[in-house]
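Just below is one structure, and these are the notes that go with it.
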Amino acid sequence: IRTFFAGREVLEVETPVLSRAATVDPQIDSFSTAGRWLQTSPEFAMKRLLAAGSGPIYQVARVFRVDESGRFHNPEFTMLEWYRPGFDHLRLIDECEALLFAIGGPASCGRLSYREAFLKQLAVDITAFFDKTLR
């Protein structure tokens with residue numbers, strides 16, 4: 001992963017694991033210790049770096065989430081998070097595919113638009129409904 005991002009001139013950063021506040025995401029519970037909160041994602045700190053003009057950045061971070069335990073989950077895990085200012089969603093899809101290939105994944109992945117995904121999985125054309133109908 002580090003070689004992949006270095007080759008693309010994306011800077012590796014390391015943000016604090018402890019913060020003064022818990023996550024604002026209502027679906028994710030944070031661990032606290034000594035009056036501080038363990039990060040559930042490096043997103044907030046990384047977005048502060050972006051706002052300060054860091055340019056493209058990534059981080060391989062230890063994160064912690066209460067109630068993330070089960071057969072495929074652990075309350076502590078490693079997360080890859082990266083940001084590419086100026087990239088649109090199509091360039092990000094290309095980069096995700098290239099990263100997966102670089103770490104041993106398939107050479108190419110299937111791609112669906114949001115509309116195609118809703119049609120395929122739910123038989124719903126999201127472009128034909130108003131917000132109230134979808135809710």
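So you can find residues: chains in the structure tokens are A, B, ... in the order shown, residues in each start at 1, and ligands are numbered from 1 in order.
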Enumerate the residues of range 23-128 of chain A with a DSSP assignment of alpha helix (DSSP H), computed from the backbone, and present them as JSON, numbers by chain. {"A": [43, 44, 45, 46, 47, 48, 49, 50, 51, 89, 90, 91, 92, 93, 94, 95, 96, 97, 98, 99, 100, 101, 102, 114, 115, 116, 117, 118, 119, 120, 121, 122]}
Written file, previous selection with N, CA, C and O atoms, as a CSV table (one decimal), in the first residue's frame:
```csv
chain,number,residue,atom,x,y,z
A,43,GLU,N,-10.8,10.2,9.6
A,43,GLU,CA,-11.4,11.2,8.7
A,43,GLU,C,-11.3,12.6,9.1
A,43,GLU,O,-10.9,13.5,8.4
A,44,PHE,N,-11.8,12.9,10.4
A,44,PHE,CA,-11.8,14.3,10.8
A,44,PHE,C,-10.5,15.0,10.8
A,44,PHE,O,-10.3,16.1,10.2
A,45,ALA,N,-9.5,14.3,11.4
A,45,ALA,CA,-8.1,14.9,11.4
A,45,ALA,C,-7.5,15.0,10.0
A,45,ALA,O,-6.8,16.0,9.7
A,46,MET,N,-7.8,14.1,9.2
A,46,MET,CA,-7.3,14.1,7.8
A,46,MET,C,-7.9,15.3,7.0
A,46,MET,O,-7.3,16.0,6.2
A,47,LYS,N,-9.2,15.5,7.2
A,47,LYS,CA,-9.9,16.6,6.5
A,47,LYS,C,-9.4,18.0,7.0
A,47,LYS,O,-9.4,18.9,6.3
A,48,ARG,N,-8.9,18.0,8.3
A,48,ARG,CA,-8.3,19.3,8.7
A,48,ARG,C,-7.0,19.5,8.0
A,48,ARG,O,-6.7,20.6,7.6
A,49,LEU,N,-6.2,18.4,7.7
A,49,LEU,CA,-5.0,18.6,7.0
A,49,LEU,C,-5.3,19.0,5.5
A,49,LEU,O,-4.6,19.9,5.0
A,50,LEU,N,-6.3,18.4,4.9
A,50,LEU,CA,-6.7,18.8,3.6
A,50,LEU,C,-7.1,20.3,3.6
A,50,LEU,O,-6.7,21.0,2.6
A,51,ALA,N,-7.9,20.8,4.6
A,51,ALA,CA,-8.3,22.2,4.6
A,51,ALA,C,-7.1,23.1,4.8
A,51,ALA,O,-7.1,24.2,4.3
A,89,HIS,N,-15.4,11.1,-9.0
A,89,HIS,CA,-15.6,9.7,-8.5
A,89,HIS,C,-15.1,8.6,-9.5
A,89,HIS,O,-14.7,7.6,-9.1
A,90,LEU,N,-15.0,9.0,-10.8
A,90,LEU,CA,-14.5,8.0,-11.8
A,90,LEU,C,-13.0,7.8,-11.6
A,90,LEU,O,-12.6,6.7,-11.7
A,91,ARG,N,-12.3,8.9,-11.4
A,91,ARG,CA,-10.8,8.7,-11.1
A,91,ARG,C,-10.6,7.9,-9.8
A,91,ARG,O,-9.7,7.1,-9.7
A,92,LEU,N,-11.5,8.1,-8.8
A,92,LEU,CA,-11.3,7.4,-7.6
A,92,LEU,C,-11.6,5.9,-7.8
A,92,LEU,O,-11.0,5.0,-7.2
A,93,ILE,N,-12.6,5.6,-8.6
A,93,ILE,CA,-12.9,4.2,-8.9
A,93,ILE,C,-11.7,3.6,-9.6
A,93,ILE,O,-11.3,2.5,-9.3
A,94,ASP,N,-11.1,4.3,-10.6
A,94,ASP,CA,-9.9,3.8,-11.2
A,94,ASP,C,-8.8,3.5,-10.2
A,94,ASP,O,-8.1,2.5,-10.3
A,95,GLU,N,-8.6,4.4,-9.3
A,95,GLU,CA,-7.5,4.3,-8.3
A,95,GLU,C,-7.8,3.1,-7.3
A,95,GLU,O,-6.9,2.3,-7.0
A,96,CYS,N,-9.1,2.9,-6.9
A,96,CYS,CA,-9.4,1.8,-6.1
A,96,CYS,C,-9.1,0.5,-6.8
A,96,CYS,O,-8.6,-0.4,-6.3
A,97,GLU,N,-9.5,0.4,-8.1
A,97,GLU,CA,-9.2,-0.8,-8.9
A,97,GLU,C,-7.7,-1.0,-9.0
A,97,GLU,O,-7.3,-2.2,-8.8
A,98,ALA,N,-7.0,0.0,-9.2
A,98,ALA,CA,-5.5,-0.1,-9.4
A,98,ALA,C,-4.9,-0.6,-8.0
A,98,ALA,O,-4.0,-1.4,-8.0
A,99,LEU,N,-5.4,-0.1,-6.9
A,99,LEU,CA,-4.9,-0.5,-5.6
A,99,LEU,C,-5.2,-1.9,-5.3
A,99,LEU,O,-4.3,-2.7,-4.9
A,100,LEU,N,-6.4,-2.3,-5.6
A,100,LEU,CA,-6.8,-3.7,-5.4
A,100,LEU,C,-5.9,-4.7,-6.2
A,100,LEU,O,-5.4,-5.7,-5.8
A,101,PHE,N,-5.6,-4.3,-7.5
A,101,PHE,CA,-4.8,-5.1,-8.3
A,101,PHE,C,-3.3,-5.1,-7.8
A,101,PHE,O,-2.7,-6.2,-7.7
A,102,ALA,N,-2.9,-4.0,-7.3
A,102,ALA,CA,-1.5,-3.9,-6.7
A,102,ALA,C,-1.3,-4.8,-5.5
A,102,ALA,O,-0.2,-5.2,-5.2
A,114,TYR,N,-25.0,4.3,-9.6
A,114,TYR,CA,-26.0,4.1,-8.6
A,114,TYR,C,-27.3,3.6,-9.1
A,114,TYR,O,-27.9,2.8,-8.5
A,115,ARG,N,-27.7,4.2,-10.2
A,115,ARG,CA,-29.0,3.8,-10.8
A,115,ARG,C,-29.0,2.3,-11.2
A,115,ARG,O,-29.9,1.6,-10.8
A,116,GLU,N,-27.9,1.9,-11.8
A,116,GLU,CA,-27.8,0.4,-12.2
A,116,GLU,C,-27.8,-0.5,-10.9
A,116,GLU,O,-28.4,-1.5,-10.9
A,117,ALA,N,-27.1,0.0,-9.8
A,117,ALA,CA,-27.1,-0.9,-8.6
A,117,ALA,C,-28.5,-1.0,-8.0
A,117,ALA,O,-28.9,-2.1,-7.6
A,118,PHE,N,-29.2,0.1,-8.0
A,118,PHE,CA,-30.6,0.1,-7.4
A,118,PHE,C,-31.5,-0.8,-8.3
A,118,PHE,O,-32.3,-1.6,-7.8
A,119,LEU,N,-31.3,-0.7,-9.6
A,119,LEU,CA,-32.1,-1.5,-10.5
A,119,LEU,C,-31.8,-3.0,-10.3
A,119,LEU,O,-32.7,-3.8,-10.3
A,120,LYS,N,-30.5,-3.3,-10.3
A,120,LYS,CA,-30.1,-4.7,-10.2
A,120,LYS,C,-30.5,-5.3,-8.8
A,120,LYS,O,-31.0,-6.4,-8.8
A,121,GLN,N,-30.3,-4.6,-7.7
A,121,GLN,CA,-30.5,-5.2,-6.4
A,121,GLN,C,-32.0,-5.0,-5.9
A,121,GLN,O,-32.5,-5.9,-5.2
A,122,LEU,N,-32.6,-3.9,-6.3
A,122,LEU,CA,-34.0,-3.7,-5.7
A,122,LEU,C,-35.1,-3.5,-6.8
A,122,LEU,O,-36.2,-3.3,-6.4
```
Using only C-alpha atoms, determine which residues lie at most 10 Å from Asp25 in chain A, disregarding the query and same-chain residues fewer than 4 positions distant; provide the list as a PDB file with all heavy atoms, in the first residue's frame.
```pdb
ATOM      1  N   ASP A  29     -20.313   4.006  17.857  1.00  0.00           N
ATOM      2  CA  ASP A  29     -20.015   4.354  19.246  1.00  0.00           C
ATOM      3  C   ASP A  29     -18.511   4.368  19.466  1.00  0.00           C
ATOM      4  O   ASP A  29     -17.789   3.505  18.978  1.00  0.00           O
ATOM      5  CB  ASP A  29     -20.656   3.350  20.209  1.00  0.00           C
ATOM      6  CG  ASP A  29     -22.176   3.440  20.218  1.00  0.00           C
ATOM      7  OD1 ASP A  29     -22.696   4.568  20.076  1.00  0.00           O
ATOM      8  OD2 ASP A  29     -22.828   2.394  20.350  1.00  0.00           O
ATOM      9  N   SER A  30     -18.058   5.356  20.244  1.00  0.00           N
ATOM     10  CA  SER A  30     -16.628   5.541  20.504  1.00  0.00           C
ATOM     11  C   SER A  30     -16.230   5.009  21.877  1.00  0.00           C
ATOM     12  O   SER A  30     -17.013   5.067  22.821  1.00  0.00           O
ATOM     13  CB  SER A  30     -16.280   7.030  20.458  1.00  0.00           C
ATOM     14  OG  SER A  30     -16.635   7.598  19.236  1.00  0.00           O
ATOM     15  N   THR A  40     -12.568   6.603  15.774  1.00  0.00           N
ATOM     16  CA  THR A  40     -13.314   5.576  15.051  1.00  0.00           C
ATOM     17  C   THR A  40     -12.918   5.576  13.578  1.00  0.00           C
ATOM     18  O   THR A  40     -13.187   4.640  12.853  1.00  0.00           O
ATOM     19  CB  THR A  40     -14.825   5.802  15.167  1.00  0.00           C
ATOM     20  OG1 THR A  40     -15.141   7.097  14.643  1.00  0.00           O
ATOM     21  CG2 THR A  40     -15.270   5.705  16.627  1.00  0.00           C
TER      22      THR A  40
END
```
List every residue of range 3-131 of chain A that DSSP, applied to the backbone of this structure, places in strand (DSSP E), and write the result as a PDB file with C-alpha atoms, in the first residue's frame.
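Listing of result-v6.pdb after writing:
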```
ATOM      1  CA  LEU A  11       1.720  11.725   1.234  1.00  0.00           C
ATOM      2  CA  GLU A  12       1.429   9.319   4.158  1.00  0.00           C
ATOM      3  CA  LEU A  18      -7.037  10.293  20.894  1.00  0.00           C
ATOM      4  CA  SER A  19      -9.325  13.298  20.511  1.00  0.00           C
ATOM      5  CA  SER A  32     -13.243   6.694  25.861  1.00  0.00           C
ATOM      6  CA  THR A  33     -10.200   6.686  28.091  1.00  0.00           C
ATOM      7  CA  ARG A  36     -10.438  11.442  25.657  1.00  0.00           C
ATOM      8  CA  TRP A  37     -11.966   9.443  22.831  1.00  0.00           C
ATOM      9  CA  LEU A  38     -10.259   6.828  20.662  1.00  0.00           C
ATOM     10  CA  ILE A  57      -2.899  12.162   1.650  1.00  0.00           C
ATOM     11  CA  TYR A  58      -3.423   8.667   2.997  1.00  0.00           C
ATOM     12  CA  GLN A  59      -3.171   6.893   6.326  1.00  0.00           C
ATOM     13  CA  VAL A  60      -3.093   3.311   7.527  1.00  0.00           C
ATOM     14  CA  ALA A  61      -4.633   3.849  10.959  1.00  0.00           C
ATOM     15  CA  ARG A  62      -5.628   1.887  14.018  1.00  0.00           C
ATOM     16  CA  VAL A  63      -9.266   2.657  14.785  1.00  0.00           C
ATOM     17  CA  PHE A  64     -11.616   1.656  17.579  1.00  0.00           C
ATOM     18  CA  GLU A  76      -9.937  -2.531  17.147  1.00  0.00           C
ATOM     19  CA  PHE A  77      -8.909  -2.767  13.508  1.00  0.00           C
ATOM     20  CA  THR A  78      -6.767  -1.187  10.807  1.00  0.00           C
ATOM     21  CA  MET A  79      -8.332   1.187   8.305  1.00  0.00           C
ATOM     22  CA  LEU A  80      -6.966   2.645   5.091  1.00  0.00           C
ATOM     23  CA  GLU A  81      -8.270   6.142   4.404  1.00  0.00           C
ATOM     24  CA  TRP A  82      -7.132   8.402   1.582  1.00  0.00           C
ATOM     25  CA  TYR A  83      -8.096  11.665  -0.056  1.00  0.00           C
TER      26      TYR A  83
END
```
Nearest to Arg65 in chain A, restricted to only C-alpha atoms and choosing among A:Phe4, A:Phe130, A:Phe87, A:Phe31, comes out as A:Phe31
Among listed residues A:Ser41, A:Leu112, A:Phe129, A:Glu9, nearest Val24 in chain A (using only C-alpha atoms):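 Answer, going by the shortest atom-to-atom distance: A:Ser41.
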Pick the closest to Asp67 in chain A from A:Pro42, A:Ser108, A:Ile28, A:Lys132: which is it, counting only C-alpha atoms?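 The closest residue to Asp67 in chain A is A:Ile28.
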For the atom pair CA of Val17 in chain A and CA of Phe72 in chain A, what is the interatomic distance in Å to one decimal place?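 Computing it gives 22.8 Å between the two atoms.
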What is the distance between CA of Pro56 in chain A and CA of Val10 in chain A, in Å to one decimal?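 Rounded to one decimal, the two atoms are 5.1 Å apart.
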Please measure the separation of CA of Gly55 in chain A and CA of Arg8 in chain A, giving the value in Å to one decimal. 12.1 Å
